[in-house]
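A.B. asks: Take a look at my_file.cif, mmCIF, N, CA and C atoms:
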```cif
data_data
#
loop_
_atom_site.label_atom_id
_atom_site.label_comp_id
_atom_site.auth_asym_id
_atom_site.auth_seq_id
_atom_site.Cartn_x
_atom_site.Cartn_y
_atom_site.Cartn_z
N MET A 1 72.97 -6.22 -9.79
CA MET A 1 72.44 -5.25 -8.87
C MET A 1 71.11 -4.70 -9.40
N LEU A 2 71.06 -4.47 -10.73
CA LEU A 2 69.81 -3.96 -11.31
C LEU A 2 68.67 -4.95 -11.12
N LEU A 3 68.96 -6.23 -11.26
CA LEU A 3 67.93 -7.25 -11.10
C LEU A 3 67.41 -7.29 -9.67
N ALA A 4 68.31 -7.16 -8.71
CA ALA A 4 67.91 -7.16 -7.30
C ALA A 4 67.07 -5.93 -6.96
N LEU A 5 67.38 -4.80 -7.57
CA LEU A 5 66.61 -3.58 -7.31
C LEU A 5 65.32 -3.51 -8.12
N GLY A 6 65.24 -4.31 -9.17
CA GLY A 6 64.07 -4.26 -10.03
C GLY A 6 64.11 -3.06 -10.96
N LEU A 7 65.28 -2.70 -11.43
CA LEU A 7 65.45 -1.56 -12.33
C LEU A 7 65.94 -2.09 -13.67
N ALA A 8 65.26 -1.70 -14.75
CA ALA A 8 65.58 -2.20 -16.09
C ALA A 8 65.60 -3.72 -16.07
N THR A 9 64.54 -4.30 -15.54
CA THR A 9 64.46 -5.74 -15.31
C THR A 9 64.72 -6.58 -16.56
N PRO A 10 64.16 -6.26 -17.74
CA PRO A 10 64.45 -7.10 -18.90
C PRO A 10 65.94 -7.13 -19.27
N ALA A 11 66.58 -5.98 -19.24
CA ALA A 11 68.01 -5.94 -19.58
C ALA A 11 68.85 -6.62 -18.50
N ALA A 12 68.52 -6.41 -17.25
CA ALA A 12 69.26 -7.04 -16.16
C ALA A 12 69.08 -8.55 -16.17
N GLY A 13 67.86 -9.01 -16.40
CA GLY A 13 67.62 -10.45 -16.49
C GLY A 13 68.34 -11.07 -17.66
N ALA A 14 68.34 -10.39 -18.79
CA ALA A 14 69.04 -10.90 -19.98
C ALA A 14 70.55 -10.96 -19.73
N ALA A 15 71.10 -9.98 -19.04
CA ALA A 15 72.53 -10.02 -18.72
C ALA A 15 72.86 -11.20 -17.82
N ALA A 16 72.00 -11.47 -16.86
CA ALA A 16 72.21 -12.62 -15.98
C ALA A 16 72.08 -13.93 -16.76
N VAL A 17 71.15 -13.99 -17.71
CA VAL A 17 71.00 -15.17 -18.55
C VAL A 17 72.29 -15.41 -19.34
N GLY A 18 72.85 -14.37 -19.91
CA GLY A 18 74.09 -14.51 -20.68
C GLY A 18 75.25 -14.98 -19.82
N ALA A 19 75.36 -14.43 -18.63
CA ALA A 19 76.44 -14.85 -17.73
C ALA A 19 76.30 -16.32 -17.35
N MET A 20 75.08 -16.74 -17.08
CA MET A 20 74.86 -18.12 -16.69
C MET A 20 75.00 -19.08 -17.87
N ALA A 21 74.69 -18.61 -19.08
CA ALA A 21 74.92 -19.45 -20.27
C ALA A 21 76.40 -19.68 -20.46
N GLY A 22 77.20 -18.66 -20.24
CA GLY A 22 78.65 -18.82 -20.31
C GLY A 22 79.17 -19.76 -19.23
N ALA A 23 78.65 -19.63 -18.02
CA ALA A 23 79.06 -20.52 -16.93
C ALA A 23 78.65 -21.96 -17.22
N ALA A 24 77.46 -22.15 -17.78
CA ALA A 24 77.01 -23.50 -18.12
C ALA A 24 77.89 -24.11 -19.20
N ALA A 25 78.34 -23.29 -20.15
CA ALA A 25 79.22 -23.80 -21.20
C ALA A 25 80.56 -24.23 -20.63
N VAL A 26 81.06 -23.53 -19.64
CA VAL A 26 82.33 -23.90 -19.02
C VAL A 26 82.18 -25.22 -18.27
N HIS A 27 81.05 -25.42 -17.60
CA HIS A 27 80.85 -26.62 -16.78
C HIS A 27 80.25 -27.79 -17.55
N ALA A 28 79.86 -27.60 -18.78
CA ALA A 28 79.21 -28.67 -19.56
C ALA A 28 80.05 -29.93 -19.71
N PRO A 29 81.37 -29.86 -19.88
CA PRO A 29 82.13 -31.11 -20.00
C PRO A 29 82.08 -31.99 -18.75
N ASN A 30 81.70 -31.43 -17.61
CA ASN A 30 81.63 -32.20 -16.38
C ASN A 30 80.29 -32.90 -16.18
N GLY A 31 79.37 -32.76 -17.12
CA GLY A 31 78.07 -33.40 -16.99
C GLY A 31 77.03 -32.45 -16.41
N PHE A 32 75.88 -33.00 -16.06
CA PHE A 32 74.76 -32.18 -15.62
C PHE A 32 74.83 -31.81 -14.14
N PHE A 33 75.09 -32.77 -13.27
CA PHE A 33 74.93 -32.55 -11.84
C PHE A 33 76.03 -31.67 -11.25
N ALA A 34 75.61 -30.73 -10.41
CA ALA A 34 76.53 -29.75 -9.83
C ALA A 34 77.53 -30.41 -8.88
N GLN A 35 77.18 -31.49 -8.24
CA GLN A 35 78.09 -32.12 -7.29
C GLN A 35 79.34 -32.68 -7.98
N ALA A 36 79.24 -32.90 -9.29
CA ALA A 36 80.40 -33.37 -10.06
C ALA A 36 81.01 -32.21 -10.85
N GLY A 37 80.65 -30.97 -10.54
CA GLY A 37 81.17 -29.81 -11.25
C GLY A 37 80.41 -29.52 -12.53
N GLY A 38 79.18 -30.01 -12.64
CA GLY A 38 78.39 -29.85 -13.85
C GLY A 38 77.67 -28.51 -13.94
N TYR A 39 76.81 -28.42 -14.94
CA TYR A 39 76.17 -27.15 -15.28
C TYR A 39 74.77 -26.98 -14.68
N GLU A 40 74.35 -27.87 -13.80
CA GLU A 40 73.01 -27.84 -13.24
C GLU A 40 72.68 -26.50 -12.56
N TYR A 41 73.54 -26.03 -11.69
CA TYR A 41 73.27 -24.81 -10.93
C TYR A 41 73.26 -23.58 -11.84
N ALA A 42 74.22 -23.49 -12.74
CA ALA A 42 74.27 -22.35 -13.67
C ALA A 42 73.04 -22.33 -14.56
N ALA A 43 72.60 -23.49 -15.00
CA ALA A 43 71.41 -23.56 -15.85
C ALA A 43 70.15 -23.14 -15.08
N SER A 44 70.04 -23.56 -13.82
CA SER A 44 68.86 -23.18 -13.05
C SER A 44 68.84 -21.68 -12.75
N LEU A 45 70.01 -21.09 -12.49
CA LEU A 45 70.06 -19.65 -12.28
C LEU A 45 69.73 -18.90 -13.57
N GLY A 46 70.20 -19.39 -14.70
CA GLY A 46 69.91 -18.76 -15.99
C GLY A 46 68.43 -18.82 -16.32
N LEU A 47 67.82 -19.97 -16.07
CA LEU A 47 66.37 -20.09 -16.34
C LEU A 47 65.56 -19.20 -15.41
N THR A 48 66.00 -19.07 -14.16
CA THR A 48 65.31 -18.18 -13.22
C THR A 48 65.43 -16.73 -13.67
N ALA A 49 66.61 -16.33 -14.12
CA ALA A 49 66.81 -14.97 -14.61
C ALA A 49 65.97 -14.71 -15.86
N ALA A 50 65.87 -15.70 -16.74
CA ALA A 50 65.03 -15.56 -17.93
C ALA A 50 63.56 -15.39 -17.53
N GLY A 51 63.13 -16.14 -16.54
CA GLY A 51 61.76 -15.99 -16.05
C GLY A 51 61.50 -14.61 -15.48
N LEU A 52 62.46 -14.07 -14.75
CA LEU A 52 62.32 -12.71 -14.21
C LEU A 52 62.32 -11.67 -15.32
N ALA A 53 63.15 -11.87 -16.33
CA ALA A 53 63.19 -10.92 -17.44
C ALA A 53 61.87 -10.90 -18.19
N VAL A 54 61.29 -12.06 -18.40
CA VAL A 54 60.04 -12.15 -19.17
C VAL A 54 58.84 -11.70 -18.34
N SER A 55 58.79 -12.10 -17.07
CA SER A 55 57.63 -11.75 -16.25
C SER A 55 57.63 -10.29 -15.82
N GLY A 56 58.82 -9.68 -15.75
CA GLY A 56 58.89 -8.26 -15.42
C GLY A 56 58.93 -7.99 -13.94
N PRO A 57 59.07 -6.73 -13.57
CA PRO A 57 59.19 -6.36 -12.16
C PRO A 57 57.84 -6.39 -11.46
N GLY A 58 57.90 -6.54 -10.16
CA GLY A 58 56.69 -6.54 -9.36
C GLY A 58 56.42 -5.17 -8.75
N ARG A 59 55.49 -5.15 -7.80
CA ARG A 59 55.12 -3.88 -7.17
C ARG A 59 56.24 -3.28 -6.35
N LEU A 60 57.10 -4.12 -5.77
CA LEU A 60 58.17 -3.64 -4.91
C LEU A 60 59.48 -3.51 -5.68
N SER A 61 59.44 -2.79 -6.79
CA SER A 61 60.64 -2.61 -7.61
C SER A 61 60.80 -1.14 -7.96
N LEU A 62 62.01 -0.79 -8.35
CA LEU A 62 62.24 0.59 -8.78
C LEU A 62 61.55 0.87 -10.11
N ASP A 63 61.44 -0.14 -10.97
CA ASP A 63 60.70 0.05 -12.22
C ASP A 63 59.27 0.49 -11.95
N HIS A 64 58.62 -0.16 -10.99
CA HIS A 64 57.23 0.20 -10.65
C HIS A 64 57.18 1.59 -10.02
N ALA A 65 58.14 1.89 -9.16
CA ALA A 65 58.16 3.21 -8.49
C ALA A 65 58.40 4.34 -9.49
N LEU A 66 59.15 4.06 -10.56
CA LEU A 66 59.43 5.07 -11.57
C LEU A 66 58.42 5.08 -12.71
N GLY A 67 57.37 4.32 -12.56
CA GLY A 67 56.34 4.28 -13.59
C GLY A 67 56.76 3.52 -14.84
N HIS A 68 57.62 2.54 -14.67
CA HIS A 68 58.11 1.69 -15.78
C HIS A 68 58.75 2.52 -16.89
N ALA A 69 59.48 3.55 -16.50
CA ALA A 69 60.14 4.42 -17.48
C ALA A 69 61.25 3.69 -18.24
N VAL A 70 61.93 2.74 -17.59
CA VAL A 70 63.01 2.00 -18.24
C VAL A 70 62.63 0.53 -18.45
N ASN A 71 61.34 0.26 -18.50
CA ASN A 71 60.86 -1.11 -18.70
C ASN A 71 59.78 -1.07 -19.77
N ARG A 72 60.18 -1.22 -21.00
CA ARG A 72 59.26 -1.18 -22.14
C ARG A 72 59.04 -2.58 -22.69
N SER A 73 57.95 -2.79 -23.39
CA SER A 73 57.62 -4.12 -23.90
C SER A 73 58.61 -4.61 -24.95
N TRP A 74 59.24 -3.71 -25.68
CA TRP A 74 60.20 -4.13 -26.71
C TRP A 74 61.54 -4.52 -26.12
N MET A 75 61.77 -4.20 -24.84
CA MET A 75 63.07 -4.47 -24.23
C MET A 75 63.35 -5.96 -24.03
N VAL A 76 62.33 -6.74 -23.73
CA VAL A 76 62.56 -8.17 -23.46
C VAL A 76 63.14 -8.88 -24.68
N PRO A 77 62.49 -8.84 -25.85
CA PRO A 77 63.10 -9.54 -26.98
C PRO A 77 64.42 -8.92 -27.43
N ALA A 78 64.54 -7.60 -27.34
CA ALA A 78 65.79 -6.95 -27.75
C ALA A 78 66.94 -7.35 -26.82
N ALA A 79 66.69 -7.33 -25.52
CA ALA A 79 67.74 -7.67 -24.56
C ALA A 79 68.14 -9.14 -24.67
N LEU A 80 67.16 -10.03 -24.80
CA LEU A 80 67.48 -11.45 -24.92
C LEU A 80 68.20 -11.75 -26.24
N ALA A 81 67.83 -11.08 -27.32
CA ALA A 81 68.51 -11.29 -28.60
C ALA A 81 69.95 -10.80 -28.55
N ALA A 82 70.16 -9.62 -27.97
CA ALA A 82 71.52 -9.09 -27.85
C ALA A 82 72.38 -9.98 -26.96
N THR A 83 71.80 -10.47 -25.88
CA THR A 83 72.53 -11.36 -24.98
C THR A 83 72.85 -12.68 -25.67
N ALA A 84 71.91 -13.22 -26.43
CA ALA A 84 72.17 -14.47 -27.15
C ALA A 84 73.30 -14.30 -28.15
N ALA A 85 73.32 -13.19 -28.86
CA ALA A 85 74.38 -12.94 -29.84
C ALA A 85 75.74 -12.80 -29.15
N ALA A 86 75.79 -12.03 -28.08
CA ALA A 86 77.06 -11.82 -27.36
C ALA A 86 77.55 -13.11 -26.74
N THR A 87 76.65 -13.89 -26.15
CA THR A 87 77.04 -15.15 -25.54
C THR A 87 77.54 -16.14 -26.58
N THR A 88 76.92 -16.17 -27.74
CA THR A 88 77.37 -17.05 -28.81
C THR A 88 78.78 -16.70 -29.25
N VAL A 89 79.07 -15.43 -29.37
CA VAL A 89 80.41 -14.99 -29.77
C VAL A 89 81.44 -15.37 -28.71
N VAL A 90 81.14 -15.11 -27.45
CA VAL A 90 82.10 -15.37 -26.37
C VAL A 90 82.34 -16.87 -26.20
N VAL A 91 81.28 -17.66 -26.16
CA VAL A 91 81.43 -19.11 -25.99
C VAL A 91 82.11 -19.72 -27.22
N GLY A 92 81.78 -19.23 -28.41
CA GLY A 92 82.45 -19.72 -29.62
C GLY A 92 83.93 -19.42 -29.62
N ALA A 93 84.31 -18.22 -29.19
CA ALA A 93 85.73 -17.86 -29.12
C ALA A 93 86.45 -18.72 -28.10
N ARG A 94 85.81 -18.99 -26.98
CA ARG A 94 86.41 -19.86 -25.96
C ARG A 94 86.61 -21.27 -26.51
N ASN A 95 85.62 -21.80 -27.19
CA ASN A 95 85.73 -23.15 -27.74
C ASN A 95 86.83 -23.24 -28.78
N ARG A 96 86.95 -22.22 -29.63
CA ARG A 96 88.03 -22.20 -30.63
C ARG A 96 89.40 -22.17 -29.95
N ARG A 97 89.51 -21.36 -28.90
CA ARG A 97 90.78 -21.26 -28.18
C ARG A 97 91.14 -22.60 -27.53
N LEU A 98 90.15 -23.28 -26.95
CA LEU A 98 90.41 -24.58 -26.33
C LEU A 98 90.78 -25.63 -27.38
N ARG A 99 90.12 -25.59 -28.55
CA ARG A 99 90.46 -26.54 -29.62
C ARG A 99 91.88 -26.33 -30.11
N ARG A 100 92.28 -25.07 -30.28
CA ARG A 100 93.64 -24.79 -30.74
C ARG A 100 94.68 -25.24 -29.71
N ALA A 101 94.36 -25.06 -28.43
CA ALA A 101 95.29 -25.48 -27.38
C ALA A 101 95.42 -27.00 -27.33
N ALA A 102 94.35 -27.70 -27.69
CA ALA A 102 94.37 -29.17 -27.64
C ALA A 102 94.97 -29.79 -28.89
N GLU A 103 95.16 -29.01 -29.95
CA GLU A 103 95.74 -29.56 -31.18
C GLU A 103 97.16 -30.04 -30.91
N GLY A 104 97.48 -31.18 -31.45
CA GLY A 104 98.82 -31.72 -31.30
C GLY A 104 99.00 -32.57 -30.06
N ARG A 105 98.09 -32.44 -29.10
CA ARG A 105 98.16 -33.29 -27.92
C ARG A 105 97.54 -34.63 -28.27
N GLN A 106 98.15 -35.70 -27.84
CA GLN A 106 97.63 -37.02 -28.12
C GLN A 106 97.25 -37.71 -26.83
N GLU A 107 96.11 -38.34 -26.83
CA GLU A 107 95.67 -39.10 -25.67
C GLU A 107 96.55 -40.34 -25.52
N PRO A 108 96.85 -40.75 -24.30
CA PRO A 108 97.63 -41.97 -24.14
C PRO A 108 96.86 -43.19 -24.65
N LEU A 109 97.57 -44.09 -25.29
CA LEU A 109 96.94 -45.27 -25.85
C LEU A 109 96.51 -46.22 -24.76
N PHE A 110 97.36 -46.40 -23.75
CA PHE A 110 97.05 -47.27 -22.62
C PHE A 110 97.24 -46.48 -21.33
N ASP A 111 96.38 -46.72 -20.36
CA ASP A 111 96.52 -46.04 -19.06
C ASP A 111 97.38 -46.82 -18.12
#
```
As structure tokens, please, write out the structure in this file.

C.D. replies:
Amino acid sequence: MLLALGLATPAAGAAAVGAMAGAAAVHAPNGFFAQAGGYEYAASLGLTAAGLAVSGPGRLSLDHALGHAVNRSWMVPAALAATAAATTVVVGARNRRLRRAAEGRQEPLFD
């Protein structure tokens, strides 16, 4: 909602990047293309959100109307770094949980 309103754009864009990175990690085993359940769409939304976070709000945003009170130059790297750290923790925990669940299961030798 913050990204749509243009309020705290760096933090909102970074949050969207983190969400899409998590979605891309879930869809990565299905390959790239979205028609096969891949991560193409999530990756494109994440890259778009990163572009919005870096480029900042435009004239028709609440950040501009408020005089950029909640949009500072240090927010972009701080928000992206915090999002990268949180996403790494969440995706890593998910991968560990999936590995533990798959332990002991054996693939069939012949189909």

A.B. asks: Using all atoms listed in the file, which residues sit within 6.5 Å of Ala21 in chain A once same-chain residues fewer than 4 positions away are excluded, as a PyMOL selection string?

C.D. replies: chain A and resi 16-17+25-26+42+46

A.B. asks: Please compute the CA of Gly6 in chain A-CA of Ala24 in chain A distance, one decimal, in Å.

C.D. replies: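 Computed distance, CA of Gly6 in chain A to CA of Ala24 in chain A, equals 24.6 Å.
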
A.B. asks: Provide the CA of His27 in chain A to atom N of Tyr41 in chain A distance in Å, to one decimal place.

C.D. replies: 8.9 Å

A.B. asks: Could you tell me, as a list in words, which residues have any atom at most 8 Å from (86.0, -24.7, -22.9), counting only N, CA and C atoms?

C.D. replies: Ala25, Val26, His27, Ala28, Pro29, Val91, Ala93, Arg94, Asn95, Arg96, Arg97, Leu98 and Arg99 of chain A

A.B. asks: Would you translate the PyMOL selection byres (((chain A and resi 79-83 and name CA) around 8) and name CA) into the concrete set of residues it matches in this file, as a list in words?

C.D. replies: Pro10, Ala11, Ala14, Ala15, Val17, Gly18, Met75, Val76, Pro77, Ala78, Ala84, Ala85, Ala86 and Thr87 of chain A
